[in-house]
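A.B. asks: Okay, so here is work_6.cif, and as you'll see once you scroll down, it has mmCIF, C-alpha atoms.
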```cif
data_structure
#
loop_
_atom_site.label_atom_id
_atom_site.label_comp_id
_atom_site.auth_asym_id
_atom_site.auth_seq_id
_atom_site.Cartn_x
_atom_site.Cartn_y
_atom_site.Cartn_z
CA MET B 1 -10.25 18.90 16.91
CA LYS B 2 -13.36 20.60 15.54
CA TYR B 3 -15.24 18.46 13.05
CA ILE B 4 -17.51 19.96 10.43
CA ASN B 5 -19.04 16.61 9.52
CA GLN B 6 -18.87 13.06 10.90
CA MET B 7 -20.14 9.62 10.02
CA THR B 8 -20.01 6.10 11.42
CA LEU B 9 -20.28 2.79 9.60
CA LYS B 10 -20.70 -0.67 11.17
CA PHE B 11 -20.56 -3.82 9.11
CA ASP B 12 -19.66 -7.51 9.23
CA SER B 13 -16.00 -8.48 8.77
CA LEU B 14 -16.64 -10.09 5.39
CA SER B 15 -14.10 -9.51 2.63
CA ILE B 16 -16.87 -8.53 0.23
CA ASN B 17 -17.38 -5.42 2.40
CA GLU B 18 -13.85 -4.11 1.72
CA GLY B 19 -14.86 -2.50 -1.56
CA PHE B 20 -17.97 -1.05 0.05
CA ALA B 21 -16.01 0.36 3.01
CA ARG B 22 -13.30 2.11 0.97
CA SER B 23 -15.84 3.49 -1.51
CA ALA B 24 -18.15 4.74 1.26
CA VAL B 25 -15.31 6.52 3.10
CA ALA B 26 -13.98 7.98 -0.16
CA GLY B 27 -17.48 9.14 -1.07
CA PHE B 28 -17.86 10.90 2.28
CA CYS B 29 -14.48 12.62 1.90
CA VAL B 30 -15.29 13.97 -1.57
CA GLN B 31 -16.96 17.02 0.01
CA LEU B 32 -13.47 18.29 0.96
CA ASN B 33 -12.60 18.53 -2.76
CA PRO B 34 -9.67 16.13 -2.62
CA THR B 35 -7.54 15.35 -5.65
CA LEU B 36 -7.90 11.95 -7.28
CA ASP B 37 -4.54 10.97 -5.75
CA GLU B 38 -5.70 11.94 -2.26
CA ILE B 39 -8.90 9.90 -2.70
CA ILE B 40 -7.02 6.80 -3.84
CA ASP B 41 -4.59 7.17 -0.90
CA ILE B 42 -7.59 7.17 1.46
CA LYS B 43 -9.20 4.21 -0.32
CA THR B 44 -5.98 2.21 -0.10
CA ALA B 45 -5.46 2.97 3.61
CA VAL B 46 -9.07 2.04 4.47
CA SER B 47 -8.75 -1.15 2.44
CA GLU B 48 -5.60 -2.12 4.37
CA ALA B 49 -7.22 -1.48 7.76
CA VAL B 50 -10.42 -3.36 6.88
CA THR B 51 -8.43 -6.29 5.43
CA ASN B 52 -6.62 -6.56 8.77
CA CYS B 53 -9.99 -6.87 10.55
CA VAL B 54 -11.21 -9.52 8.11
CA VAL B 55 -8.02 -11.61 8.08
CA HIS B 56 -6.40 -11.05 11.47
CA ALA B 57 -8.86 -9.61 14.02
CA TYR B 58 -11.57 -12.20 13.37
CA PRO B 59 -9.69 -15.16 11.87
CA ASN B 60 -12.33 -17.84 12.36
CA LYS B 61 -15.55 -15.90 12.76
CA VAL B 62 -17.39 -12.85 11.55
CA GLY B 63 -17.21 -9.83 13.83
CA ILE B 64 -18.09 -6.17 13.65
CA VAL B 65 -15.89 -3.55 11.99
CA GLU B 66 -16.60 0.04 12.96
CA ILE B 67 -15.38 2.96 10.90
CA TRP B 68 -15.69 6.55 12.00
CA VAL B 69 -14.78 9.52 9.80
CA GLY B 70 -14.50 13.08 11.06
CA LEU B 71 -13.84 15.88 8.61
CA THR B 72 -12.15 19.12 9.53
CA GLU B 73 -11.79 21.96 7.07
CA ASP B 74 -8.55 20.58 5.68
CA SER B 75 -8.31 16.94 6.72
CA ALA B 76 -10.09 13.62 6.95
CA CYS B 77 -9.67 11.75 10.26
CA ILE B 78 -10.48 8.06 9.99
CA SER B 79 -10.74 5.39 12.67
CA VAL B 80 -11.15 1.68 11.92
CA LYS B 81 -11.95 -0.43 15.00
CA ASP B 82 -12.50 -4.09 15.71
CA ARG B 83 -13.17 -6.13 18.84
CA GLY B 84 -11.17 -9.11 17.68
CA VAL B 85 -8.14 -11.00 18.93
CA GLY B 86 -5.98 -7.88 19.26
CA ILE B 87 -2.26 -7.38 18.67
CA ILE B 88 0.16 -8.00 21.54
CA ASP B 89 3.15 -6.13 20.12
CA LEU B 90 1.92 -3.08 18.21
CA GLU B 91 5.43 -1.92 17.26
CA GLN B 92 6.35 -5.28 15.77
CA ALA B 93 3.09 -5.36 13.80
CA LYS B 94 4.01 -2.04 12.18
CA GLU B 95 7.36 -3.29 10.90
CA PRO B 96 7.58 -3.73 7.10
CA PHE B 97 7.30 -7.36 5.96
CA PHE B 98 6.16 -8.55 9.39
CA SER B 99 3.28 -10.98 9.00
CA THR B 100 1.78 -13.60 11.28
CA LYS B 101 0.58 -15.43 8.16
CA PRO B 102 3.47 -15.43 5.65
CA ASP B 103 2.51 -18.92 4.45
CA GLU B 104 -0.71 -17.44 3.04
CA GLU B 105 1.30 -15.23 0.67
CA ARG B 106 0.81 -12.20 2.90
CA ALA B 107 3.41 -9.50 2.42
CA GLY B 108 3.06 -7.87 5.84
CA MET B 109 2.98 -4.43 4.24
CA GLY B 110 -0.47 -3.20 5.27
CA PHE B 111 0.61 -0.78 8.02
CA THR B 112 3.63 0.35 5.98
CA VAL B 113 1.29 1.28 3.12
CA ILE B 114 -1.02 3.17 5.51
CA GLU B 115 1.94 4.99 7.04
CA SER B 116 3.19 6.08 3.64
CA PHE B 117 -0.18 7.07 2.13
CA MET B 118 -1.58 8.98 5.15
CA ASP B 119 -0.18 12.00 7.01
CA THR B 120 -0.79 10.59 10.50
CA PHE B 121 -1.06 6.95 11.50
CA ASP B 122 -1.53 5.46 14.93
CA LEU B 123 -2.17 1.87 15.95
CA ARG B 124 -3.81 1.51 19.36
CA HIS B 125 -5.32 -1.09 21.63
CA ASN B 126 -9.06 -0.68 21.50
CA LYS B 127 -10.80 -0.24 24.84
CA GLY B 128 -12.82 -3.40 25.22
CA GLY B 129 -10.52 -5.53 23.07
CA GLY B 130 -9.20 -5.51 19.54
CA VAL B 131 -7.31 -2.66 17.90
CA GLU B 132 -7.98 0.74 16.44
CA VAL B 133 -6.25 2.15 13.38
CA PHE B 134 -6.41 5.93 13.52
CA MET B 135 -5.25 7.96 10.56
CA ILE B 136 -5.43 11.47 9.16
CA LYS B 137 -5.19 12.58 5.54
CA LYS B 138 -4.58 16.25 4.87
CA ILE B 139 -6.64 17.55 1.97
CA GLU B 140 -4.74 20.33 0.28
CA ASN B 141 -7.61 21.77 -1.73
CA LYS B 142 -9.72 24.57 -0.33
CA ASN B 143 -12.81 23.22 1.32
CA VAL B 144 -15.33 25.29 -0.59
CA MET B 145 -18.29 22.93 -0.57
CA ALA B 146 -18.19 21.99 3.10
CA LYS B 147 -17.86 25.65 4.14
CA SER B 148 -20.83 26.72 2.07
CA GLY B 149 -22.71 23.76 3.56
CA LEU B 150 -22.01 25.09 7.07
CA ASN B 151 -23.26 28.57 6.21
CA GLY B 152 -26.34 27.34 4.43
CA MET W 1 -12.08 -8.69 -11.51
CA GLN W 2 -11.45 -9.89 -15.03
CA ILE W 3 -8.31 -11.65 -16.22
CA ASN W 4 -7.46 -12.07 -19.88
CA ALA W 5 -4.67 -14.25 -21.22
CA ARG W 6 -3.11 -14.50 -24.66
CA VAL W 7 0.11 -15.92 -25.94
CA ILE W 8 2.00 -14.06 -28.65
CA GLN W 9 5.07 -15.89 -29.90
CA ASP W 10 6.88 -16.95 -26.73
CA THR W 11 5.26 -14.42 -24.39
CA LEU W 12 2.24 -14.96 -22.14
CA TYR W 13 0.31 -11.71 -21.66
CA LEU W 14 -1.94 -11.61 -18.60
CA SER W 15 -4.06 -8.52 -18.15
CA LEU W 16 -5.89 -7.74 -14.91
CA CYS W 17 -8.96 -5.56 -15.10
CA GLY W 18 -10.78 -4.30 -11.99
CA GLU W 19 -9.89 -4.07 -8.29
CA LEU W 20 -7.50 -6.45 -6.52
CA ASP W 21 -8.08 -6.83 -2.80
CA GLU W 22 -8.44 -9.59 -0.21
CA HIS W 23 -11.91 -10.44 -1.47
CA CYS W 24 -10.84 -11.52 -4.96
CA ALA W 25 -7.23 -12.51 -4.14
CA SER W 26 -7.84 -16.26 -4.04
CA TYR W 27 -9.75 -16.12 -7.34
CA VAL W 28 -6.93 -14.13 -8.95
CA ARG W 29 -4.32 -16.61 -7.65
CA GLU W 30 -6.30 -19.51 -9.02
CA VAL W 31 -6.88 -18.02 -12.49
CA LEU W 32 -3.31 -16.74 -12.86
CA ASP W 33 -1.89 -20.11 -11.81
CA LYS W 34 -4.13 -21.91 -14.28
CA HIS W 35 -2.82 -19.76 -17.15
CA LEU W 36 0.77 -19.91 -15.92
CA SER W 37 0.81 -23.68 -15.74
CA ASN W 38 -1.17 -24.29 -18.95
CA SER W 39 0.63 -21.88 -21.26
CA VAL W 40 3.78 -22.62 -23.18
CA CYS W 41 5.92 -19.49 -22.92
CA ARG W 42 9.39 -18.21 -22.14
CA GLN W 43 8.34 -15.05 -20.36
CA VAL W 44 5.24 -13.52 -18.78
CA ILE W 45 4.03 -9.94 -18.99
CA LEU W 46 1.48 -8.81 -16.40
CA ASP W 47 -0.43 -5.93 -17.92
CA LEU W 48 -1.82 -3.82 -15.06
CA SER W 49 -3.00 -0.83 -17.11
CA GLU W 50 -6.66 -1.73 -16.41
CA LEU W 51 -6.13 -2.57 -12.73
CA SER W 52 -7.86 0.43 -11.16
CA PHE W 53 -7.19 -0.45 -7.52
CA MET W 54 -4.81 -2.66 -5.57
CA ASP W 55 -3.87 -2.78 -1.90
CA SER W 56 -0.97 -4.66 -0.29
CA THR W 57 -2.81 -7.95 -0.76
CA GLY W 58 -1.66 -7.65 -4.38
CA ILE W 59 2.00 -7.73 -3.35
CA GLY W 60 1.58 -11.20 -1.85
CA VAL W 61 -0.27 -12.37 -4.95
CA MET W 62 2.51 -11.11 -7.26
CA ILE W 63 5.37 -12.53 -5.18
CA GLY W 64 3.59 -15.88 -4.94
CA ARG W 65 3.36 -16.09 -8.76
CA TYR W 66 6.99 -15.01 -9.10
CA LYS W 67 8.13 -17.84 -6.83
CA LYS W 68 6.19 -20.41 -8.84
CA MET W 69 7.61 -19.25 -12.16
CA LYS W 70 11.14 -18.92 -10.80
CA GLU W 71 11.19 -22.68 -10.30
CA ARG W 72 10.64 -22.98 -14.06
CA ASN W 73 13.11 -20.20 -14.90
CA ILE W 74 10.41 -18.07 -16.52
CA PRO W 75 10.67 -14.35 -15.77
CA ILE W 76 7.62 -12.17 -15.06
CA PHE W 77 7.53 -8.49 -16.05
CA ILE W 78 5.08 -5.87 -14.80
CA SER W 79 3.65 -3.52 -17.36
CA ASN W 80 1.85 -0.17 -16.99
CA PRO W 81 0.76 -0.03 -13.34
CA THR W 82 -1.20 3.08 -12.31
CA SER W 83 0.76 5.59 -10.23
CA HIS W 84 -0.65 4.47 -6.87
CA ILE W 85 0.02 0.78 -7.61
CA ASP W 86 3.50 1.78 -8.77
CA LYS W 87 4.00 3.47 -5.37
CA ILE W 88 3.02 0.26 -3.54
CA PHE W 89 5.37 -1.83 -5.68
CA LYS W 90 8.28 0.57 -5.17
CA MET W 91 7.73 0.38 -1.40
CA THR W 92 8.44 -3.34 -1.50
CA ALA W 93 11.18 -3.19 -4.16
CA ILE W 94 9.18 -5.73 -6.17
CA TYR W 95 10.67 -4.47 -9.45
CA GLU W 96 13.98 -6.03 -8.44
CA ILE W 97 12.46 -9.46 -8.99
CA MET W 98 9.71 -8.55 -11.47
CA PRO W 99 11.08 -5.70 -13.58
CA LYS W 100 8.78 -2.97 -14.83
CA ILE W 101 8.47 -2.51 -18.58
CA ASN W 102 6.38 -0.16 -20.69
#
```
Is it possible to give me this structure as structure tokens?
C.D. replies:
Amino acid sequence: MKYINQMTLKFDSLSINEGFARSAVAGFCVQLNPTLDEIIDIKTAVSEAVTNCVVHAYPNKVGIVEIWVGLTEDSACISVKDRGVGIIDLEQAKEPFFSTKPDEERAGMGFTVIESFMDTFDLRHNKGGGVEVFMIKKIENKNVMAKSGLNG
Amino acid sequence: MQINARVIQDTLYLSLCGELDEHCASYVREVLDKHLSNSVCRQVILDLSELSFMDSTGIGVMIGRYKKMKERNIPIFISNPTSHIDKIFKMTAIYEIMPKIN
């Protein structure tokens, strides 16, 4: 995949950073001229992935969350990685309503929401421990600004 | 996140204003529960028209409140969610237990 622009963010797995993370990724994707609906889909998916890092990957400590975004002319590719406790059964984790913490009023719908809001979704074991959420959102609008940026 | 409560006749109106995610979920639970247990009402309407963002954390928060009020036989209705929050609710069929009204 040929990327016209990329960025990486690293931050502590503190819940206060969830709002920062989804806003930062959304802000970076704005250059593709997405619709408001596409932006809020991206924000929601990023929020789900970062929440998983905060709640599940690092349950009793603060670890590092790493987000990478690569833009192509018509899509935003987003990776959210942690080096936390990991997930043994990735397929089970993706099932709707599956949660390891149902007693904490957790719905177990995070991955289902990502799957429905993004065009591609993949959950992988991260090399070196933890998991990686990889997702792609197609941006329907013509990528006028990013193209002119490349030429200029 | 701001939560406003008012009782009109026998209805408790709770309006959520801001963004609901993991960070503010425990605060939202606490404030909603305080209003739900202190107010005298026969039904509850959750006004979400000013809730600009919610991820799946919100589903757990809503279902938790539903369970508490079900014990007291007080129904909760969801009013005016934005289209993306509506999509999340429909995914979990939450309107079957907390019907949507306008």
A.B. asks: What would the selection look like, as a tab-separated table (two decimals) with C-alpha atoms, in the coordinates of the input, if the PyMOL selection byres ((chain B) within 12 of (chain W)) were run on the coordinates I just shared?
C.D. replies:
```tsv
chain	number	residue	atom	x	y	z
B	13	SER	CA	-16.00	-8.48	8.77
B	14	LEU	CA	-16.64	-10.09	5.39
B	15	SER	CA	-14.10	-9.51	2.63
B	16	ILE	CA	-16.87	-8.53	0.23
B	17	ASN	CA	-17.38	-5.42	2.40
B	18	GLU	CA	-13.85	-4.11	1.72
B	19	GLY	CA	-14.86	-2.50	-1.56
B	20	PHE	CA	-17.97	-1.05	0.05
B	22	ARG	CA	-13.30	2.11	0.97
B	23	SER	CA	-15.84	3.49	-1.51
B	36	LEU	CA	-7.90	11.95	-7.28
B	37	ASP	CA	-4.54	10.97	-5.75
B	38	GLU	CA	-5.70	11.94	-2.26
B	39	ILE	CA	-8.90	9.90	-2.70
B	40	ILE	CA	-7.02	6.80	-3.84
B	41	ASP	CA	-4.59	7.17	-0.90
B	42	ILE	CA	-7.59	7.17	1.46
B	43	LYS	CA	-9.20	4.21	-0.32
B	44	THR	CA	-5.98	2.21	-0.10
B	45	ALA	CA	-5.46	2.97	3.61
B	46	VAL	CA	-9.07	2.04	4.47
B	47	SER	CA	-8.75	-1.15	2.44
B	48	GLU	CA	-5.60	-2.12	4.37
B	49	ALA	CA	-7.22	-1.48	7.76
B	50	VAL	CA	-10.42	-3.36	6.88
B	51	THR	CA	-8.43	-6.29	5.43
B	52	ASN	CA	-6.62	-6.56	8.77
B	53	CYS	CA	-9.99	-6.87	10.55
B	54	VAL	CA	-11.21	-9.52	8.11
B	55	VAL	CA	-8.02	-11.61	8.08
B	56	HIS	CA	-6.40	-11.05	11.47
B	96	PRO	CA	7.58	-3.73	7.10
B	97	PHE	CA	7.30	-7.36	5.96
B	99	SER	CA	3.28	-10.98	9.00
B	101	LYS	CA	0.58	-15.43	8.16
B	102	PRO	CA	3.47	-15.43	5.65
B	103	ASP	CA	2.51	-18.92	4.45
B	104	GLU	CA	-0.71	-17.44	3.04
B	105	GLU	CA	1.30	-15.23	0.67
B	106	ARG	CA	0.81	-12.20	2.90
B	107	ALA	CA	3.41	-9.50	2.42
B	108	GLY	CA	3.06	-7.87	5.84
B	109	MET	CA	2.98	-4.43	4.24
B	110	GLY	CA	-0.47	-3.20	5.27
B	111	PHE	CA	0.61	-0.78	8.02
B	112	THR	CA	3.63	0.35	5.98
B	113	VAL	CA	1.29	1.28	3.12
B	114	ILE	CA	-1.02	3.17	5.51
B	115	GLU	CA	1.94	4.99	7.04
B	116	SER	CA	3.19	6.08	3.64
B	117	PHE	CA	-0.18	7.07	2.13
```
A.B. asks: What is the CA of Val85 (chain B) to CA of Val131 (chain B) distance in Å?
C.D. replies: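 Distance reported for this atom pair: 8.4 Å.
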A.B. asks: Please list as a list in words every residue within 9 Å of Ser49 (chain W), counting only C-alpha atoms and excluding residues in the same chain fewer than 4 positions away.
C.D. replies: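 With the cut-off at 9 Å, the set is Ser15, Leu16, Cys17, Ser79, Asn80, Pro81 and Thr82 of chain W.
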A.B. asks: CA of Val31 (chain W) to CA of Leu12 (chain W): how many Å, to one decimal?
C.D. replies: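 Taking CA of Val31 (chain W) and CA of Leu12 (chain W), their separation equals 13.6 Å.
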A.B. asks: Could you tell me how far CA of Cys77 (chain B) sits from CA of Met135 (chain B), in Å to one decimal place?
C.D. replies: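 According to the coordinates, CA of Met135 (chain B) and CA of Cys77 (chain B) are separated by 5.8 Å.
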A.B. asks: Would you translate the PyMOL selection byres ((chain W and resi 5) around 9) into the concrete set of residues it matches in this file, as a ChimeraX atom specification?
C.D. replies: /W:3-4,6-7,12-15,32,35
A.B. asks: Would you kindly return, as number ranges by chain, each protein, DNA or RNA residue with an atom no farther than 7 Å from any atom of Lys138 (chain B), considering only C-alpha atoms and excluding same-chain residues fewer than 6 positions away?
C.D. replies: B: 74-76, 119
A.B. asks: Around the point (7.1, -13.1, -27.6) (coordinates from the file), which residues reach within 9 Å if we count only C-alpha atoms? Answer as a CSV table (one decimal) with C-alpha atoms, in the coordinates of the input.
C.D. replies:
```csv
chain,number,residue,atom,x,y,z
W,7,VAL,CA,0.1,-15.9,-25.9
W,8,ILE,CA,2.0,-14.1,-28.6
W,9,GLN,CA,5.1,-15.9,-29.9
W,10,ASP,CA,6.9,-17.0,-26.7
W,11,THR,CA,5.3,-14.4,-24.4
W,12,LEU,CA,2.2,-15.0,-22.1
W,41,CYS,CA,5.9,-19.5,-22.9
W,42,ARG,CA,9.4,-18.2,-22.1
W,43,GLN,CA,8.3,-15.0,-20.4
```
A.B. asks: Using only C-alpha atoms, which protein or nucleic acid residues come within 8 Å of region 5-7 of chain B? Drop anything in the same chain fewer than 6 positions from it, and give the result as a PDB file with C-alpha atoms, in the frame of the given file.
C.D. replies:
```pdb
ATOM      1  CA  TRP B  68     -15.690   6.550  12.000  1.00  0.00           C
ATOM      2  CA  VAL B  69     -14.780   9.520   9.800  1.00  0.00           C
ATOM      3  CA  GLY B  70     -14.500  13.080  11.060  1.00  0.00           C
ATOM      4  CA  LEU B  71     -13.840  15.880   8.610  1.00  0.00           C
ATOM      5  CA  THR B  72     -12.150  19.120   9.530  1.00  0.00           C
TER       6      THR B  72
END
```
A.B. asks: For Glu96 (chain W), which residue out of W:Tyr66, W:Leu51, W:Ser37, W:Ser26 is the nearest one, using only C-alpha atoms?
C.D. replies: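 Among W:Tyr66, W:Leu51, W:Ser37, W:Ser26, it is W:Tyr66 that comes nearest to Glu96 (chain W).
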A.B. asks: Taking only C-alpha atoms into account, which of W:Lys90, W:Arg72, W:Asn102, W:Ile78 comes nearest Val40 (chain W)?
C.D. replies: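 Ranking W:Lys90, W:Arg72, W:Asn102, W:Ile78 by distance to Val40 (chain W), first place goes to W:Arg72.
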A.B. asks: Using all atoms listed in the file, which of the listed residues (B:Met1, B:Leu123, B:Ile136, B:Glu73) sits closest to Gln31 (chain B)?
C.D. replies: B:Glu73
A.B. asks: Counting all atoms listed in the file, what is within 10 Å of Leu9 (chain B), bar same-chain residues fewer than 2 positions away, as a PyMOL selection string?
C.D. replies: chain B and resi 7+11+21+24-25+65-69+80
A.B. asks: Of the residues W:Ile76, W:Tyr95, W:Asp86, W:Lys100, which is the one nearest to Val44 (chain W), using all atoms listed in the file?
C.D. replies: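 Ranking W:Ile76, W:Tyr95, W:Asp86, W:Lys100 by distance to Val44 (chain W), first place goes to W:Ile76.
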A.B. asks: My structure is short of atoms at region 84-115 of chain B; please model N, CA and C atoms there, returning them as an mmCIF file, keeping the file's coordinate frame.
C.D. replies:
```cif
data_model
loop_
_atom_site.group_PDB
_atom_site.id
_atom_site.type_symbol
_atom_site.label_atom_id
_atom_site.label_comp_id
_atom_site.auth_asym_id
_atom_site.auth_seq_id
_atom_site.Cartn_x
_atom_site.Cartn_y
_atom_site.Cartn_z
ATOM 1 N N GLY B 84 -11.673 -7.763 17.934
ATOM 2 C CA GLY B 84 -11.170 -9.110 17.680
ATOM 3 C C GLY B 84 -10.061 -9.529 18.611
ATOM 4 N N VAL B 85 -9.160 -10.363 18.095
ATOM 5 C CA VAL B 85 -8.140 -11.000 18.930
ATOM 6 C C VAL B 85 -7.071 -10.025 19.441
ATOM 7 N N GLY B 86 -6.957 -8.864 18.806
ATOM 8 C CA GLY B 86 -5.980 -7.880 19.260
ATOM 9 C C GLY B 86 -4.572 -8.187 18.789
ATOM 10 N N ILE B 87 -3.673 -7.237 19.044
ATOM 11 C CA ILE B 87 -2.260 -7.380 18.670
ATOM 12 C C ILE B 87 -1.450 -7.167 19.938
ATOM 13 N N ILE B 88 -0.606 -8.132 20.293
ATOM 14 C CA ILE B 88 0.160 -8.000 21.540
ATOM 15 C C ILE B 88 1.240 -6.919 21.379
ATOM 16 N N ASP B 89 2.039 -7.053 20.327
ATOM 17 C CA ASP B 89 3.150 -6.130 20.120
ATOM 18 C C ASP B 89 2.844 -5.196 18.946
ATOM 19 N N LEU B 90 2.343 -4.010 19.267
ATOM 20 C CA LEU B 90 1.920 -3.080 18.210
ATOM 21 C C LEU B 90 3.101 -2.617 17.357
ATOM 22 N N GLU B 91 4.258 -2.410 18.001
ATOM 23 C CA GLU B 91 5.430 -1.920 17.260
ATOM 24 C C GLU B 91 5.909 -2.962 16.245
ATOM 25 N N GLN B 92 5.927 -4.203 16.672
ATOM 26 C CA GLN B 92 6.350 -5.280 15.770
ATOM 27 C C GLN B 92 5.392 -5.398 14.585
ATOM 28 N N ALA B 93 4.094 -5.244 14.859
ATOM 29 C CA ALA B 93 3.090 -5.360 13.800
ATOM 30 C C ALA B 93 3.290 -4.302 12.722
ATOM 31 N N LYS B 94 3.835 -3.152 13.127
ATOM 32 C CA LYS B 94 4.010 -2.040 12.180
ATOM 33 C C LYS B 94 5.240 -2.197 11.299
ATOM 34 N N GLU B 95 6.118 -3.131 11.671
ATOM 35 C CA GLU B 95 7.360 -3.290 10.900
ATOM 36 C C GLU B 95 7.068 -3.804 9.490
ATOM 37 N N PRO B 96 7.777 -3.242 8.470
ATOM 38 C CA PRO B 96 7.580 -3.730 7.100
ATOM 39 C C PRO B 96 7.889 -5.218 7.008
ATOM 40 N N PHE B 97 7.118 -5.925 6.248
ATOM 41 C CA PHE B 97 7.300 -7.360 5.960
ATOM 42 C C PHE B 97 7.018 -8.263 7.155
ATOM 43 N N PHE B 98 6.533 -7.675 8.286
ATOM 44 C CA PHE B 98 6.160 -8.550 9.390
ATOM 45 C C PHE B 98 4.755 -9.077 9.155
ATOM 46 N N SER B 99 4.605 -10.391 9.133
ATOM 47 C CA SER B 99 3.280 -10.980 9.000
ATOM 48 C C SER B 99 3.173 -12.213 9.877
ATOM 49 N N THR B 100 1.988 -12.391 10.496
ATOM 50 C CA THR B 100 1.780 -13.600 11.280
ATOM 51 C C THR B 100 1.323 -14.746 10.371
ATOM 52 N N LYS B 101 1.044 -14.399 9.091
ATOM 53 C CA LYS B 101 0.580 -15.430 8.160
ATOM 54 C C LYS B 101 1.358 -15.391 6.839
ATOM 55 N N PRO B 102 2.690 -15.523 6.894
ATOM 56 C CA PRO B 102 3.470 -15.430 5.650
ATOM 57 C C PRO B 102 3.202 -16.607 4.707
ATOM 58 N N ASP B 103 2.782 -17.742 5.273
ATOM 59 C CA ASP B 103 2.510 -18.920 4.450
ATOM 60 C C ASP B 103 1.279 -18.722 3.562
ATOM 61 N N GLU B 104 0.461 -17.716 3.868
ATOM 62 C CA GLU B 104 -0.710 -17.440 3.040
ATOM 63 C C GLU B 104 -0.404 -16.380 1.985
ATOM 64 N N GLU B 105 0.866 -16.234 1.639
ATOM 65 C CA GLU B 105 1.300 -15.230 0.670
ATOM 66 C C GLU B 105 0.944 -13.821 1.120
ATOM 67 N N ARG B 106 1.078 -13.555 2.424
ATOM 68 C CA ARG B 106 0.810 -12.200 2.900
ATOM 69 C C ARG B 106 2.128 -11.450 3.047
ATOM 70 N N ALA B 107 2.158 -10.239 2.506
ATOM 71 C CA ALA B 107 3.410 -9.500 2.420
ATOM 72 C C ALA B 107 3.771 -8.803 3.733
ATOM 73 N N GLY B 108 2.790 -8.581 4.591
ATOM 74 C CA GLY B 108 3.060 -7.870 5.840
ATOM 75 C C GLY B 108 3.351 -6.396 5.613
ATOM 76 N N MET B 109 2.709 -5.825 4.589
ATOM 77 C CA MET B 109 2.980 -4.430 4.240
ATOM 78 C C MET B 109 1.810 -3.493 4.504
ATOM 79 N N GLY B 110 0.735 -4.010 5.077
ATOM 80 C CA GLY B 110 -0.470 -3.200 5.270
ATOM 81 C C GLY B 110 -0.229 -1.900 6.025
ATOM 82 N N PHE B 111 0.391 -1.996 7.215
ATOM 83 C CA PHE B 111 0.610 -0.780 8.020
ATOM 84 C C PHE B 111 1.644 0.127 7.369
ATOM 85 N N THR B 112 2.625 -0.467 6.662
ATOM 86 C CA THR B 112 3.630 0.350 5.980
ATOM 87 C C THR B 112 2.973 1.181 4.871
ATOM 88 N N VAL B 113 2.021 0.555 4.170
ATOM 89 C CA VAL B 113 1.290 1.280 3.120
ATOM 90 C C VAL B 113 0.469 2.421 3.744
ATOM 91 N N ILE B 114 -0.223 2.127 4.848
ATOM 92 C CA ILE B 114 -1.020 3.170 5.510
ATOM 93 C C ILE B 114 -0.110 4.324 5.934
ATOM 94 N N GLU B 115 1.013 3.981 6.544
ATOM 95 C CA GLU B 115 1.940 4.990 7.040
ATOM 96 C C GLU B 115 2.420 5.896 5.901
#
```
